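> After the structure tokens below, expect a handful of questions from me.
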Amino acid sequence: MDGAVTLAELSSGRPLDLVIVGGGINGCGVASMAARAGLRVALFEADDFGFGTTWRSTKLVHGGLRYLEHGDVRLVRESLQERSRLLRTRPYLVQPQRFILPLVPWSRRPAWQLRIGLAAYDALAFRGGLPRHARLSRRAAADAVPALTPQQQGAFAFYDGRALAPERLALEFALEAHDAGAFVLNHARVAGLLTSGGAVAGVAVEHAGGEVEVPCSTVLNAAGPWVDEVVEDVRDAPLLGLTRGTHILLDVPDMPRDAVFSTARSDGRVFFAVPQGELLLVGTTDDRYEGDPGAVHPLPGDIEYLLSEAAEVLPGLHPDRSQVRYAYAGLRPLQRVRGGPEAAITRRHELVDHGSRRGGPRGLYSAVGGKLTTYRAIAEELLDAAFEGRAPAPPAVPGLAAPLYVASLAPRTRMHVALYGPAATEVLTGGDRVVCEHTGAVEGEVAHAVRRELAVTLSDVLMRRTGIAWGSCRGLCCDERVAGLMAAELRWSPEQRDAELLAFRADVAWHLPSLDDIERFSVAERARGIDVADAPRG
């Protein structure tokens, strides 16, 4: 799609019904539902689809077992319903995952309380398509996860949802919106809101070195961690209370098949260890964050904390720094609250109507909070509030899986190409030669990303289309080859190709840093007078 021409057409045409700012799971999910409900919609993302919280989450599509502890039954039920829907309609992106919840001496919840919570979880997920929880003996728990601490006194096993690539889930919603007639554009920053007579009149969009004004009657600010920046001129107080979550990816000798959901020994926080391809995803931290959302990255103290807790829960893996392939940090754009532990901050979303509640322009809404499973509720609230229920309910999306012949590929490539579901056939027609041995990605994925999935940069392709950067090589073993394929598709000059390589390597060092990268950033920040020796744990 020629973004510049289309933007010019939008700027001179009649006002759109809805402009969405932010292309994460919420923005893309709302765009899909609104466009399929017959509204004239545009979606603008400053970087790439799924770039923010969506891409750097724990990758779980879960109801939130621990939210029951805070009495948030509505959020759990809502999330479980969406989990069931995604398991049914996107089986190639969202799959069941068995979790082992060990009974450890330092748990702050007795076994009877966990049993009641899991029974309630099962009841709320009635007919959700997953097995009910079960109690495991000490031996059965050790058989399931041999690396578990010998201090465990049995375990519970339960099932939840795992997003294999949440950034691709957001992308699919963006493409659905596009197919339903919406205009969707990444690398297009909304630089300002336009108002007239106390109401929203449009947005100013920066793209390709220029700025265009796009008229509209309603704006949804779904910018995730950047929500406050979008509405800086009209809000009366910050909406967000950001918390930072860091994860590490370990290369362990005996990868457990089951995931582990436990309690951190040092502070009682939630601890996850989830298989992710050839690596083990371990997380997460939960610390308040007041800085620039674009500057978040893992800190040395995060790494030591996660390794220490992994050694407590999974000592059989002998986790140490030599196993850390990389780390990443993301921000949770939660509702702003004062004081209290981070884990107690609600994950429930809020749709803020700036016109009626905060004295801002009519037609401006902000989506605050939520998780991977709450985009549908946000969309339904927005359609009801801003369009008075005039929009019909969008049709359900049928569940489709990858074609059967994909099973003839090498196992790693088969698993990777299956992420494309019904598009796997088209992907393979572009070439089935493997470009990354660590992930099994093939050449056809690169062409497909450029031609069909709105990829613009090398980072778009390696990080948020093919997922190559999630492998143990972080894409650094094949970036030149992929850049060559993109150069052929997009007719890049040698200088453009080299610039894309430099930009991608800088993105990897910042967003998916190795331990050396983290130490280098820490040294630089200490030189500027910023103490980053340890991440705050309080």
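Going through the structure tokens in order, the chains are called A, B, and so on, while each chain numbers its residues from 1 and the ligands are numbered from 1 in the order shown.
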Using only C-alpha atoms, tabulate the residues of stretch 12-121 of chain A lying at most 6 Å from any atom of stretch 184-199 of chain A, each with its closest atom pair and that distance in Å to one decimal, by chain and increasing residue number, as CSV.

```
residue,atom,partner,partner_atom,distance
A:Ala42,CA,A:Val184,CA,5.7
A:Leu43,CA,A:Val184,CA,4.6
A:Phe44,CA,A:Leu185,CA,5.2
A:Glu45,CA,A:Asn186,CA,4.6
A:Ala46,CA,A:Arg189,CA,4.1
A:Asp47,CA,A:His187,CA,4.5
A:Asp48,CA,A:Asn186,CA,5.2
```
> With DSSP run on the backbone, what are the helix (DSSP H, G or I) residues within stretch 353-528 of chain A? I'd like them as number ranges by chain.
A: 354-357, 375-387, 404-408, 411-429, 443-452, 458-464, 468-470, 479-490, 494-511, 515-527
> Leaving out stretch 103-106 of chain A and any residue of its chain fewer than 3 positions from it, which residues lie within 12 Å of it when counting only C-alpha atoms, given as a PyMOL selection string?
chain A and resi 100+109-115+135-138+141-142+148-157+260-269+309+312-314
> Show which residues sit within 12 Å of A:Gly71, as a list in words. Count only C-alpha atoms, and ignore same-chain residues fewer than 4 positions away.
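Once the adjacent positions are removed, what remains is Gly64, Leu65, Arg66, Tyr67, Leu75, Val76, Arg77, Gly117, Ala120, Ala344, Thr346, Arg347 and Arg348 of chain A.
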> Mind giving me the straight-line distance from atom CA of A:Ala447 to atom CA of A:Pro513 in Å, one decimal?
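Atom-to-atom, atom CA of A:Ala447 and atom CA of A:Pro513 are spaced 27.0 Å apart.
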> At a cut-off of 9 Å, using only C-alpha atoms, what residues contact A:Val482? Leave out same-chain residues fewer than 6 positions from it and give the result as a ChimeraX atom specification.
/A:435,443,446,458,461-462
